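Shown next: data.csv, given as CSV, C-alpha atoms.
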chain,number,residue,atom,x,y,z
A,9,MET,CA,9.8,0.6,-10.7
A,10,GLU,CA,6.3,-0.7,-11.3
A,11,THR,CA,3.3,1.4,-10.5
A,12,ASN,CA,2.3,-1.0,-7.7
A,13,ASP,CA,5.8,-0.6,-6.1
A,14,LEU,CA,5.4,3.1,-6.2
A,15,ILE,CA,2.0,2.8,-4.5
A,16,LYS,CA,3.6,0.8,-1.7
A,17,ALA,CA,6.1,3.5,-1.1
A,18,LEU,CA,3.5,6.3,-1.2
A,19,ALA,CA,1.2,4.5,1.2
A,20,ALA,CA,4.1,3.9,3.6
A,21,ASP,CA,4.9,7.6,3.6
A,22,SER,CA,2.2,8.1,6.2
A,23,ARG,CA,3.7,11.1,7.8
A,24,ARG,CA,1.0,13.7,8.2
A,25,GLY,CA,0.4,15.6,5.0
A,26,GLY,CA,0.8,19.4,4.8
A,27,LEU,CA,-1.4,22.0,6.5
A,28,PRO,CA,-4.8,21.9,4.7
A,29,LEU,CA,-4.7,24.5,2.0
A,30,GLY,CA,-7.6,26.6,3.3
A,31,GLN,CA,-5.9,27.0,6.6
A,32,ALA,CA,-2.5,27.8,4.9
A,33,TRP,CA,-4.2,30.7,3.1
A,34,ILE,CA,-5.6,32.2,6.3
A,35,VAL,CA,-2.2,32.0,7.9
A,36,ALA,CA,-0.6,33.5,4.8
A,37,LEU,CA,-3.1,36.3,4.6
A,38,ALA,CA,-2.8,37.2,8.3
A,39,ALA,CA,1.1,37.2,7.9
A,40,ALA,CA,0.9,39.3,4.7
A,41,VAL,CA,-1.3,41.9,6.4
A,42,LEU,CA,0.8,42.1,9.5
A,43,VAL,CA,4.0,42.5,7.5
A,44,ALA,CA,2.4,45.2,5.3
A,45,ALA,CA,1.3,47.0,8.4
A,46,GLY,CA,4.7,46.8,9.9
A,47,MET,CA,6.4,48.1,6.8
A,48,PHE,CA,3.8,50.9,6.5
A,49,PHE,CA,4.3,52.2,10.0
A,50,LEU,CA,8.1,51.8,9.7
A,51,LEU,CA,8.4,53.6,6.3
A,52,LEU,CA,5.5,56.0,6.1
A,53,GLY,CA,2.8,56.1,8.8
A,54,PRO,CA,-0.7,57.6,8.4
A,55,ARG,CA,-1.0,61.2,7.3
A,56,PRO,CA,-1.6,63.7,10.2
A,57,ASP,CA,-5.2,64.4,9.4
A,58,ALA,CA,-6.2,60.8,8.7
A,59,GLY,CA,-8.8,60.8,11.5
A,60,ALA,CA,-10.5,63.9,10.3
A,61,ALA,CA,-10.3,62.7,6.7
A,62,LEU,CA,-12.4,59.7,7.5
A,63,SER,CA,-15.4,62.0,7.3
A,64,THR,CA,-14.6,62.9,3.7
A,65,VAL,CA,-16.1,60.7,1.0
A,66,ARG,CA,-13.0,60.8,-1.3
A,67,PHE,CA,-10.7,59.5,1.4
A,68,VAL,CA,-13.0,56.7,2.4
A,69,PHE,CA,-13.5,55.7,-1.2
A,70,LYS,CA,-9.8,54.9,-1.6
A,71,PHE,CA,-10.2,52.2,1.0
A,72,LEU,CA,-13.4,50.9,-0.6
A,73,PHE,CA,-11.5,50.5,-3.9
A,74,THR,CA,-8.3,48.9,-2.4
A,75,ILE,CA,-10.2,46.6,-0.1
A,76,ALA,CA,-12.7,45.5,-2.8
A,77,LEU,CA,-9.6,44.6,-4.9
A,78,ALA,CA,-7.9,42.8,-2.1
A,79,VAL,CA,-10.9,40.7,-1.1
A,80,ALA,CA,-11.6,39.7,-4.7
A,81,ALA,CA,-7.9,38.9,-5.3
A,82,TYR,CA,-7.8,36.7,-2.2
A,83,ARG,CA,-10.8,34.7,-3.3
A,84,LEU,CA,-9.2,34.3,-6.8
A,85,ALA,CA,-5.9,33.3,-5.3
A,86,VAL,CA,-7.5,30.6,-3.1
A,87,ALA,CA,-9.5,29.3,-6.1
A,88,VAL,CA,-6.5,29.1,-8.6
A,89,SER,CA,-4.3,27.4,-6.0
A,90,ARG,CA,-6.6,24.3,-5.9
A,91,PRO,CA,-6.6,21.7,-8.6
A,92,GLY,CA,-10.0,21.6,-10.2
A,93,GLY,CA,-11.0,24.7,-8.3
A,94,ASN,CA,-13.8,26.8,-9.7
A,95,TRP,CA,-12.2,30.2,-10.3
A,96,SER,CA,-14.6,31.7,-12.9
A,97,THR,CA,-16.9,33.3,-10.3
A,98,ALA,CA,-13.8,34.6,-8.4
A,99,LEU,CA,-12.5,36.1,-11.6
A,100,ALA,CA,-15.8,38.0,-12.1
A,101,GLY,CA,-15.4,39.4,-8.6
A,102,ILE,CA,-12.1,41.0,-9.7
A,103,MET,CA,-14.2,43.3,-11.9
A,104,VAL,CA,-15.9,45.0,-8.9
A,105,ALA,CA,-13.0,47.2,-8.0
A,106,PRO,CA,-12.3,48.6,-11.5
A,107,VAL,CA,-16.1,49.3,-11.9
A,108,LEU,CA,-16.2,51.1,-8.6
A,109,LEU,CA,-13.1,53.1,-9.7
A,110,ALA,CA,-14.7,54.0,-13.1
A,111,LEU,CA,-17.9,55.2,-11.4
A,112,SER,CA,-16.0,57.3,-8.9
A,113,VAL,CA,-14.0,58.9,-11.8
A,114,LEU,CA,-17.3,59.8,-13.6
A,115,LEU,CA,-18.7,61.4,-10.4
A,116,GLU,CA,-15.5,63.3,-9.9
A,117,LEU,CA,-15.5,64.6,-13.5
A,118,VAL,CA,-19.1,65.9,-12.8
A,119,ALA,CA,-18.3,67.3,-9.4
A,120,VAL,CA,-15.2,69.4,-10.1
A,121,PRO,CA,-14.4,72.0,-12.8
A,122,SER,CA,-12.5,70.7,-15.8
A,123,ALA,CA,-9.7,73.2,-15.2
A,124,THR,CA,-8.7,71.3,-12.0
A,125,TRP,CA,-8.7,67.8,-13.6
A,126,ALA,CA,-5.1,67.8,-14.6
A,127,ALA,CA,-3.8,69.0,-11.2
A,128,ARG,CA,-5.9,66.4,-9.4
A,129,LEU,CA,-4.7,63.6,-11.7
A,130,VAL,CA,-1.1,64.5,-11.3
A,131,GLY,CA,-1.4,65.1,-7.6
A,132,THR,CA,1.6,65.7,-5.4
A,133,ASN,CA,2.5,62.2,-4.3
A,134,SER,CA,2.6,60.0,-7.4
A,135,MET,CA,6.3,59.0,-7.1
A,136,VAL,CA,5.8,58.1,-3.4
A,137,CYS,CA,2.8,56.0,-4.5
A,138,LEU,CA,4.8,54.1,-7.2
A,139,THR,CA,7.7,53.5,-4.8
A,140,PHE,CA,6.1,52.7,-1.5
A,141,VAL,CA,3.2,50.5,-2.6
A,142,PRO,CA,5.7,48.0,-4.1
A,143,LEU,CA,8.0,48.4,-1.1
A,144,ILE,CA,5.2,47.7,1.4
A,145,GLY,CA,3.9,44.8,-0.7
A,146,PHE,CA,7.1,43.0,-1.6
A,147,ILE,CA,7.5,40.8,1.5
A,148,PRO,CA,3.7,40.1,1.6
A,149,LEU,CA,4.0,39.0,-2.0
A,150,VAL,CA,6.7,36.5,-1.0
A,151,VAL,CA,4.5,35.2,1.8
A,152,LEU,CA,1.6,34.8,-0.5
A,153,LEU,CA,3.7,33.0,-3.1
A,154,LEU,CA,4.7,30.5,-0.4
A,155,ALA,CA,1.0,29.8,0.2
A,156,MET,CA,0.5,29.5,-3.6
A,157,ARG,CA,3.4,27.0,-3.7
A,158,HIS,CA,1.8,25.0,-1.0
A,159,GLY,CA,-1.2,24.7,-3.3
A,160,ALA,CA,-1.1,23.4,-6.8
A,161,PRO,CA,-1.9,26.1,-9.4
A,162,ALA,CA,-2.4,24.9,-12.9
A,163,ASN,CA,-0.9,28.1,-14.4
A,164,ALA,CA,2.2,29.3,-12.6
A,165,THR,CA,2.4,32.7,-14.2
A,166,ALA,CA,-1.3,33.6,-13.7
A,167,ALA,CA,-1.1,32.3,-10.1
A,168,GLY,CA,1.9,34.6,-9.5
A,169,ALA,CA,0.1,37.6,-11.0
A,170,VAL,CA,-2.9,37.0,-8.7
A,171,SER,CA,-0.6,36.8,-5.7
A,172,GLY,CA,0.9,40.1,-6.8
A,173,LEU,CA,-2.6,41.6,-7.2
A,174,LEU,CA,-3.4,40.6,-3.7
A,175,ALA,CA,-0.2,41.9,-2.3
A,176,GLY,CA,-0.9,45.1,-4.2
A,177,GLY,CA,-4.4,45.4,-2.8
A,178,ILE,CA,-3.1,45.0,0.8
A,179,ALA,CA,-0.2,47.4,0.3
A,180,ALA,CA,-2.4,50.0,-1.4
A,181,THR,CA,-4.9,49.8,1.5
A,182,PHE,CA,-2.2,50.9,3.9
A,183,TYR,CA,-0.6,53.4,1.6
A,184,ALA,CA,-4.0,55.1,1.1
A,185,ALA,CA,-3.9,56.1,4.8
A,186,HIS,CA,-0.7,58.0,4.1
A,187,CYS,CA,-1.4,59.6,0.7
A,188,PRO,CA,-2.7,63.2,0.7
A,189,ASP,CA,-4.1,62.8,-2.8
A,190,ASP,CA,-7.7,61.7,-2.5
A,191,SER,CA,-9.1,62.5,-5.9
A,192,PRO,CA,-10.4,59.5,-7.8
A,193,LEU,CA,-8.5,60.9,-10.8
A,194,PHE,CA,-5.3,60.3,-8.9
A,195,VAL,CA,-6.4,57.0,-7.6
A,196,ALA,CA,-7.4,55.7,-11.0
A,197,VAL,CA,-4.0,56.5,-12.6
A,198,TRP,CA,-1.4,55.8,-9.9
A,199,TYR,CA,-2.8,53.1,-7.8
A,200,PRO,CA,-3.4,50.6,-10.6
A,201,LEU,CA,0.1,51.4,-11.9
A,202,ALA,CA,1.7,50.7,-8.5
A,203,ILE,CA,-0.4,47.5,-8.1
A,204,ALA,CA,0.5,46.4,-11.6
A,205,ILE,CA,4.2,46.6,-10.6
A,206,LEU,CA,3.6,44.0,-7.9
A,207,ALA,CA,1.3,41.9,-10.2
A,208,SER,CA,4.1,41.8,-12.9
A,209,LEU,CA,6.7,40.9,-10.3
A,210,GLY,CA,4.4,38.2,-9.0
A,211,ALA,CA,4.0,36.8,-12.5
A,212,LEU,CA,7.7,36.7,-13.1
A,213,LEU,CA,8.4,35.1,-9.7
A,214,GLY,CA,5.5,32.7,-10.2
A,215,ARG,CA,7.0,31.4,-13.4
A,216,LEU,CA,10.1,30.5,-11.5
A,217,VAL,CA,8.7,29.1,-8.2
A,218,LEU,CA,5.2,27.9,-8.7
A,219,ARG,CA,5.8,25.0,-11.0
A,220,TRP,CA,5.0,21.5,-9.6
B,1,MET,CA,-17.9,6.0,-12.6
B,2,ASP,CA,-21.0,6.7,-10.7
B,3,ARG,CA,-21.6,8.9,-7.7
B,4,ALA,CA,-21.5,5.9,-5.3
B,5,GLU,CA,-18.0,4.9,-6.5
B,6,GLU,CA,-16.9,8.4,-6.2
B,7,ARG,CA,-18.2,8.6,-2.6
B,8,SER,CA,-16.3,5.4,-1.8
B,9,LEU,CA,-13.1,7.0,-3.2
B,10,GLU,CA,-13.7,10.1,-1.1
B,11,ARG,CA,-14.1,8.0,2.1
B,12,MET,CA,-10.9,6.2,1.3
B,13,LEU,CA,-9.0,9.5,0.9
B,14,VAL,CA,-10.5,10.9,4.1
B,15,ALA,CA,-9.3,7.7,6.0
B,16,ALA,CA,-5.9,7.9,4.3
B,17,ILE,CA,-5.4,11.5,5.4
B,18,ASP,CA,-6.2,10.3,8.9
B,19,GLY,CA,-3.3,7.9,8.6
B,20,ASP,CA,-5.0,4.7,7.4
B,21,GLU,CA,-2.4,3.1,5.2
B,22,ARG,CA,-4.5,0.3,3.9
B,23,ALA,CA,-7.3,2.7,2.8
B,24,TYR,CA,-4.6,4.9,1.2
B,25,ARG,CA,-3.3,2.0,-0.8
B,26,ALA,CA,-6.7,1.1,-2.1
B,27,PHE,CA,-7.3,4.7,-3.0
B,28,LEU,CA,-4.1,5.0,-4.9
B,29,GLU,CA,-4.8,1.7,-6.8
B,30,ALA,CA,-8.2,3.0,-7.7
B,31,VAL,CA,-6.8,6.3,-8.9
B,32,ALA,CA,-4.1,4.5,-11.0
B,33,LYS,CA,-6.8,2.5,-12.7
B,34,LEU,CA,-8.9,5.6,-13.3
B,35,VAL,CA,-6.1,7.7,-14.7
B,36,ARG,CA,-4.8,4.9,-16.8
B,37,THR,CA,-8.2,4.5,-18.5
B,38,TRP,CA,-8.5,8.2,-19.0
B,39,LEU,CA,-5.0,8.4,-20.5
B,40,ARG,CA,-5.7,5.7,-23.0
B,41,ARG,CA,-7.8,8.2,-25.0
B,42,LYS,CA,-5.3,11.0,-24.6
B,43,VAL,CA,-1.9,9.5,-25.3
B,44,THR,CA,-1.8,8.0,-28.7
B,45,HIS,CA,1.8,8.3,-29.8
B,46,GLY,CA,4.8,6.3,-28.8
B,47,SER,CA,7.4,8.8,-27.5
B,48,LEU,CA,5.2,9.2,-24.4
B,49,ASP,CA,4.4,6.4,-22.1
B,50,ALA,CA,1.0,6.6,-20.4
B,51,GLU,CA,2.3,4.7,-17.3
B,52,ASP,CA,5.0,7.3,-16.7
B,53,ILE,CA,2.2,9.9,-16.4
B,54,VAL,CA,0.1,7.6,-14.2
B,55,GLN,CA,3.1,7.4,-11.8
B,56,GLU,CA,3.8,11.1,-12.0
B,57,THR,CA,0.2,11.8,-11.2
B,58,LEU,CA,0.2,9.5,-8.2
B,59,LEU,CA,3.3,11.2,-6.8
B,60,ALA,CA,1.7,14.6,-7.3
B,61,ILE,CA,-1.6,13.5,-5.7
B,62,HIS,CA,0.4,12.2,-2.7
B,63,LEU,CA,2.4,15.4,-2.2
B,64,LYS,CA,-0.6,17.7,-2.9
B,65,ARG,CA,-3.2,15.7,-1.0
B,66,HIS,CA,-3.7,18.7,1.4
B,67,THR,CA,-5.2,20.7,-1.5
B,68,TRP,CA,-8.3,18.5,-1.5
B,69,ARG,CA,-11.2,19.7,0.6
B,70,SER,CA,-13.1,16.8,2.1
B,71,ALA,CA,-16.4,18.5,1.2
B,72,GLU,CA,-15.8,18.6,-2.5
B,73,PRO,CA,-16.0,15.8,-5.2
B,74,VAL,CA,-12.7,14.0,-5.6
B,75,ARG,CA,-12.9,13.2,-9.3
B,76,PRO,CA,-12.5,16.7,-10.7
B,77,TRP,CA,-9.6,17.2,-8.3
B,78,ILE,CA,-7.9,13.9,-9.5
B,79,PHE,CA,-8.3,14.7,-13.1
B,80,ALA,CA,-7.1,18.3,-12.8
B,81,ILE,CA,-3.9,17.0,-11.3
B,82,ALA,CA,-3.6,14.2,-14.0
B,83,ASN,CA,-4.3,16.8,-16.7
B,84,HIS,CA,-1.6,19.1,-15.4
B,85,LYS,CA,0.9,16.3,-15.5
B,86,LEU,CA,-0.2,15.2,-19.0
B,87,ILE,CA,0.2,18.8,-20.3
B,88,ASP,CA,3.6,19.0,-18.6
B,89,ALA,CA,4.7,15.7,-20.2
B,90,PHE,CA,3.5,16.9,-23.7
B,91,ARG,CA,5.5,20.1,-23.2
B,92,ARG,CA,8.6,18.2,-22.3
B,93,HIS,CA,8.2,16.1,-25.4
B,94,GLY,CA,7.7,19.2,-27.5
B,95,ARG,CA,4.4,18.2,-28.7
B,96,GLN,CA,0.8,19.1,-28.4
B,97,PRO,CA,-1.8,16.5,-27.7
B,98,LEU,CA,-2.3,14.7,-30.9
B,99,ALA,CA,-5.5,13.4,-32.5
B,100,ASP,CA,-5.4,9.7,-33.4
B,101,SER,CA,-3.0,9.2,-36.2
B,102,PRO,CA,-3.3,5.8,-37.8
B,103,ALA,CA,-0.1,6.2,-39.9
B,104,LEU,CA,2.0,6.8,-36.8
B,105,GLU,CA,0.5,3.9,-34.9
B,106,GLU,CA,1.3,1.5,-37.8
B,107,VAL,CA,4.9,2.7,-37.8
B,108,GLU,CA,5.2,2.1,-34.1
B,109,ALA,CA,3.6,-1.3,-34.3
B,110,ALA,CA,6.3,-2.3,-36.7
B,111,GLU,CA,9.0,-1.3,-34.2
B,112,PRO,CA,10.5,-4.1,-32.1
B,113,GLU,CA,9.6,-4.2,-28.4
B,114,VAL,CA,12.3,-2.3,-26.5
B,115,LEU,CA,13.0,-2.9,-22.9
B,116,ARG,CA,10.8,-0.7,-20.8
B,117,SER,CA,12.7,2.4,-19.5
B,118,TRP,CA,10.8,4.1,-16.7
B,119,GLU,CA,11.1,7.8,-16.0
B,120,ILE,CA,10.8,7.0,-12.3
B,121,ASP,CA,14.0,4.9,-12.4
B,122,ARG,CA,15.9,7.7,-13.9
B,123,ALA,CA,14.6,10.0,-11.2
B,124,LEU,CA,15.6,7.4,-8.6
B,125,GLN,CA,19.2,7.8,-9.7
B,126,VAL,CA,19.4,11.4,-8.4
B,127,LEU,CA,18.5,10.5,-4.8
B,128,THR,CA,21.1,10.4,-2.1
B,129,PRO,CA,22.3,6.8,-1.6
B,130,GLY,CA,20.5,6.7,1.8
B,131,GLN,CA,17.2,7.9,0.3
B,132,ARG,CA,17.5,5.5,-2.6
B,133,SER,CA,18.1,2.4,-0.5
B,134,VAL,CA,15.0,3.4,1.7
B,135,VAL,CA,12.8,4.0,-1.3
B,136,THR,CA,13.9,0.8,-3.0
B,137,ALA,CA,13.4,-1.3,0.1
B,138,VAL,CA,9.9,0.0,0.7
B,139,SER,CA,8.7,0.0,-2.9
B,140,ILE,CA,10.4,-2.8,-4.9
B,141,GLU,CA,11.3,-5.1,-2.0
B,142,GLY,CA,8.0,-4.3,-0.3
B,143,SER,CA,9.6,-4.0,3.2
B,144,SER,CA,7.7,-2.3,6.0
B,145,ILE,CA,9.2,0.8,7.7
B,146,GLN,CA,10.2,-1.3,10.6
B,147,GLU,CA,11.9,-4.0,8.5
B,148,THR,CA,13.7,-1.3,6.5
B,149,ALA,CA,14.9,0.4,9.7
B,150,ARG,CA,16.3,-2.9,10.9
B,151,ASP,CA,17.9,-3.9,7.6
B,152,LEU,CA,19.6,-0.6,7.1
B,153,GLY,CA,20.5,0.0,10.7
B,154,MET,CA,18.6,3.2,10.9
B,155,ASN,CA,15.9,4.3,13.4
B,156,GLU,CA,12.3,4.4,12.1
B,157,THR,CA,12.0,8.2,12.2
B,158,ALA,CA,15.1,8.5,9.9
B,159,VAL,CA,13.6,5.9,7.6
B,160,ARG,CA,10.3,7.9,7.4
B,161,VAL,CA,12.1,11.1,6.7
B,162,ALA,CA,14.3,9.6,4.1
B,163,LEU,CA,11.3,8.0,2.4
B,164,HIS,CA,9.4,11.3,2.4
B,165,ARG,CA,12.3,13.4,1.1
B,166,GLY,CA,13.1,10.7,-1.4
B,167,LEU,CA,9.6,10.7,-2.9
B,168,ALA,CA,9.5,14.5,-3.0
B,169,ALA,CA,12.9,14.5,-4.8
B,170,ILE,CA,11.6,11.9,-7.3
B,171,ALA,CA,8.5,14.1,-8.0
B,172,ARG,CA,10.8,17.1,-8.5
B,173,ARG,CA,13.1,15.3,-11.0
B,174,PHE,CA,10.4,13.2,-12.7
B,175,GLY,CA,10.8,13.4,-16.5
B,176,ARG,CA,13.6,16.0,-16.2
B,177,THR,CA,16.5,13.7,-15.8
Target encoding structure tokens, full file:
Amino acid sequence: METNDLIKALAADSRRGGLPLGQAWIVALAAAVLVAAGMFFLLLGPRPDAGAALSTVRFVFKFLFTIALAVAAYRLAVAVSRPGGNWSTALAGIMVAPVLLALSVLLELVAVPSATWAARLVGTNSMVCLTFVPLIGFIPLVVLLLAMRHGAPANATAAGAVSGLLAGGIAATFYAAHCPDDSPLFVAVWYPLAIAILASLGALLGRLVLRW
Amino acid sequence: MDRAEERSLERMLVAAIDGDERAYRAFLEAVAKLVRTWLRRKVTHGSLDAEDIVQETLLAIHLKRHTWRSAEPVRPWIFAIANHKLIDAFRRHGRQPLADSPALEEVEAAEPEVLRSWEIDRALQVLTPGQRSVVTAVSIEGSSIQETARDLGMNETAVRVALHRGLAAIARRFGRT
């Protein structure tokens, strides 16, 4: 088939193209958050004193960290899903959450006696964290991979990992409302591990489903 | 290509996304020319045919046209897609992009002309018979959707669906058959 023949066929295929990518991402994000919320209330629910805890700085900081990560991961996901998209600024935004976390760890180390560091780091809920963040985030990850597949990412593995990071940020935001461990020492160890599980899963799935 | 030419490409694509078939055809022809010129500097060895990559790029642009934002320049978008397809083709051929290699070119020049074998024709073979006859009618025979529907005894919607699915299947199988 000559190239001109192909062009005739492509031009004749005038059925409306897909949903514009920007809109597809908004739909996917809303669906991912709703599904994560549903899974959270089904599996865990907020801790009993969540309302009162909102006045403590450590509890609130957990959300600051997870939401900063989710927002940055969303922007990066949108950028990498577009051919020729400029993702370098979005990539720099990903660094905000780890920097916040590092600062909070430093403040915590100054604020509490060193004898309690180990207990705060180990916490009481680490296995719940490592189990339920991936559980809450799995279906949202699938939804986000669908949006990524609707786009055209240059690097399938990286795009899958970014989707996993976003699913992890969303899942961890809900999980934080359940978890009784508020110390930044706990957050800095277990949250990144739990989110990394989803990011790795996203990278693996991305390799399989994001090629185009 | 200057900014005015790029603007005219963008206008064509906007009209095309709105359903203007003539504008779309002009856009795709311009893109084919653009990508062909660009590939001339990139593809310098014989196992890879630049025209195959032009065709694969056109298919990808068609199926991913919703990833272009009408506010952004169209050229970087086109070349990002073309580059993706070029890298893909190099990977399939187990080679990295080569620098000009005169020795290789001389060897190839000595080889007799072989009959052109298109990747797209191999991909065409994997379609269902119905999809294949629709795609062939609209492309090679140049029939309209209406004529194809009449000739094949199908309704127009079925022809459009078969064409769309057939093109998507070709894009999926391109270079992998």
Interatomic distance (Å, one decimal) between atom CA of B:Ala158 and atom CA of B:Ala123: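 About the pair atom CA of B:Ala158 and atom CA of B:Ala123: they are 21.2 Å apart.
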Polymer residues at most 12 Å from stretch 4-7 of chain B, only C-alpha atoms, same-chain spacing of 5 or more positions, as a ChimeraX atom specification: /B:12-14,27,30-31,34,70-78
A:Ala207 environment, 7 Å, only C-alpha atoms, sequence neighbours closer than 3 positions dropped, as a VMD selection string: chain A and resid 169 to 170 172 to 173 203 to 204 210 to 211
Selected residue of minimal separation from chain A among B:Arg172, B:Arg11, B:Arg150, B:Arg91, counting all atoms listed in the file: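 Residue with the minimum atom-to-atom distance to chain A: B:Arg172.
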Compile a residue-level contact table for chain A against chain B at a cut-off of 7 Å, reporting for every qualifying residue the shortest atom pair and its distance in Å to one decimal, with only C-alpha atoms counted, rows ordered by chain and ascending number, as JSON lines.
{"residue": "A:Met9", "atom": "CA", "partner": "B:Asp121", "partner_atom": "CA", "distance": 6.2}
{"residue": "A:Thr11", "atom": "CA", "partner": "B:Gln55", "partner_atom": "CA", "distance": 6.1}
{"residue": "A:Asp13", "atom": "CA", "partner": "B:Ser139", "partner_atom": "CA", "distance": 4.4}
{"residue": "A:Leu14", "atom": "CA", "partner": "B:Ser139", "partner_atom": "CA", "distance": 5.6}
{"residue": "A:Ile15", "atom": "CA", "partner": "B:Leu28", "partner_atom": "CA", "distance": 6.5}
{"residue": "A:Lys16", "atom": "CA", "partner": "B:Ser139", "partner_atom": "CA", "distance": 5.3}
{"residue": "A:Ala17", "atom": "CA", "partner": "B:Ser139", "partner_atom": "CA", "distance": 4.7}
{"residue": "A:Leu18", "atom": "CA", "partner": "B:His62", "partner_atom": "CA", "distance": 6.8}
{"residue": "A:Ala19", "atom": "CA", "partner": "B:Arg25", "partner_atom": "CA", "distance": 5.5}
{"residue": "A:Ala20", "atom": "CA", "partner": "B:Glu21", "partner_atom": "CA", "distance": 6.7}
{"residue": "A:Asp21", "atom": "CA", "partner": "B:His164", "partner_atom": "CA", "distance": 5.9}
{"residue": "A:Ser22", "atom": "CA", "partner": "B:Gly19", "partner_atom": "CA", "distance": 6.0}
{"residue": "A:Gly25", "atom": "CA", "partner": "B:His66", "partner_atom": "CA", "distance": 6.3}
{"residue": "A:Gly26", "atom": "CA", "partner": "B:His66", "partner_atom": "CA", "distance": 5.7}
{"residue": "A:Leu27", "atom": "CA", "partner": "B:His66", "partner_atom": "CA", "distance": 6.5}
{"residue": "A:Pro28", "atom": "CA", "partner": "B:His66", "partner_atom": "CA", "distance": 4.7}
{"residue": "A:Leu29", "atom": "CA", "partner": "B:Thr67", "partner_atom": "CA", "distance": 5.2}
{"residue": "A:Arg90", "atom": "CA", "partner": "B:Thr67", "partner_atom": "CA", "distance": 5.9}
{"residue": "A:Pro91", "atom": "CA", "partner": "B:Trp77", "partner_atom": "CA", "distance": 5.4}
{"residue": "A:Gly92", "atom": "CA", "partner": "B:Trp77", "partner_atom": "CA", "distance": 4.8}
{"residue": "A:Gly159", "atom": "CA", "partner": "B:Thr67", "partner_atom": "CA", "distance": 5.9}
{"residue": "A:Ala160", "atom": "CA", "partner": "B:Lys64", "partner_atom": "CA", "distance": 6.9}
{"residue": "A:Ala162", "atom": "CA", "partner": "B:His84", "partner_atom": "CA", "distance": 6.4}
Hey, can you spit out that residue selection with C-alpha atoms as a PDB file, keeping the file's coordinate frame?
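Listing of selection.pdb after writing:
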ATOM      1  CA  MET A   9       9.800   0.600 -10.700  1.00  0.00           C
ATOM      2  CA  THR A  11       3.300   1.400 -10.500  1.00  0.00           C
ATOM      3  CA  ASP A  13       5.800  -0.600  -6.100  1.00  0.00           C
ATOM      4  CA  LEU A  14       5.400   3.100  -6.200  1.00  0.00           C
ATOM      5  CA  ILE A  15       2.000   2.800  -4.500  1.00  0.00           C
ATOM      6  CA  LYS A  16       3.600   0.800  -1.700  1.00  0.00           C
ATOM      7  CA  ALA A  17       6.100   3.500  -1.100  1.00  0.00           C
ATOM      8  CA  LEU A  18       3.500   6.300  -1.200  1.00  0.00           C
ATOM      9  CA  ALA A  19       1.200   4.500   1.200  1.00  0.00           C
ATOM     10  CA  ALA A  20       4.100   3.900   3.600  1.00  0.00           C
ATOM     11  CA  ASP A  21       4.900   7.600   3.600  1.00  0.00           C
ATOM     12  CA  SER A  22       2.200   8.100   6.200  1.00  0.00           C
ATOM     13  CA  GLY A  25       0.400  15.600   5.000  1.00  0.00           C
ATOM     14  CA  GLY A  26       0.800  19.400   4.800  1.00  0.00           C
ATOM     15  CA  LEU A  27      -1.400  22.000   6.500  1.00  0.00           C
ATOM     16  CA  PRO A  28      -4.800  21.900   4.700  1.00  0.00           C
ATOM     17  CA  LEU A  29      -4.700  24.500   2.000  1.00  0.00           C
ATOM     18  CA  ARG A  90      -6.600  24.300  -5.900  1.00  0.00           C
ATOM     19  CA  PRO A  91      -6.600  21.700  -8.600  1.00  0.00           C
ATOM     20  CA  GLY A  92     -10.000  21.600 -10.200  1.00  0.00           C
ATOM     21  CA  GLY A 159      -1.200  24.700  -3.300  1.00  0.00           C
ATOM     22  CA  ALA A 160      -1.100  23.400  -6.800  1.00  0.00           C
ATOM     23  CA  ALA A 162      -2.400  24.900 -12.900  1.00  0.00           C
TER      24      ALA A 162
END
Spatial neighbours of stretch 107-114 of chain A, max dist 8 Å, only C-alpha atoms, sep filter under 6 positions, as a list in words: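 The residues that qualify are Phe73, Pro192, Leu193 and Ala196 of chain A.
Our summary of the geometry notes that atom CA of A:Phe140 is positioned 17.8 Å from atom CA of A:Pro56.
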Å distance separating atom CA of A:Leu206 from atom CA of A:Phe146, one decimal place: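 These two atoms are separated by 7.3 Å.
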Residues within 10 Å of (8.6, 32.8, -9.2), counting only C-alpha atoms, listed as a list in words: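 Residues lying no farther than 10 Å from the given point: Val150, Leu153, Leu154, Arg157, Ala164, Thr165, Ala167, Gly168, Ala169, Leu209, Gly210, Ala211, Leu212, Leu213, Gly214, Arg215, Leu216, Val217, Leu218 and Arg219 of chain A.
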Mind rebuilding stretch 48-53 of chain A with N, CA and C atoms and writing that out as a compact mmCIF listing (two decimals), in the coordinates of the input?
# COMPACT_ATOMS: atom_id res chain seq x y z
N PHE A 48 4.47 49.59 6.64
CA PHE A 48 3.80 50.90 6.50
C PHE A 48 4.16 51.82 7.65
N PHE A 49 4.03 51.31 8.88
CA PHE A 49 4.30 52.20 10.00
C PHE A 49 5.78 52.50 10.15
N LEU A 50 6.62 51.59 9.69
CA LEU A 50 8.10 51.80 9.70
C LEU A 50 8.46 52.87 8.67
N LEU A 51 7.90 52.76 7.45
CA LEU A 51 8.40 53.60 6.30
C LEU A 51 7.60 54.90 6.21
N LEU A 52 6.28 54.87 6.42
CA LEU A 52 5.50 56.00 6.10
C LEU A 52 4.62 56.53 7.29
N GLY A 53 3.74 55.71 7.79
CA GLY A 53 2.80 56.10 8.80
C GLY A 53 1.62 56.86 8.21
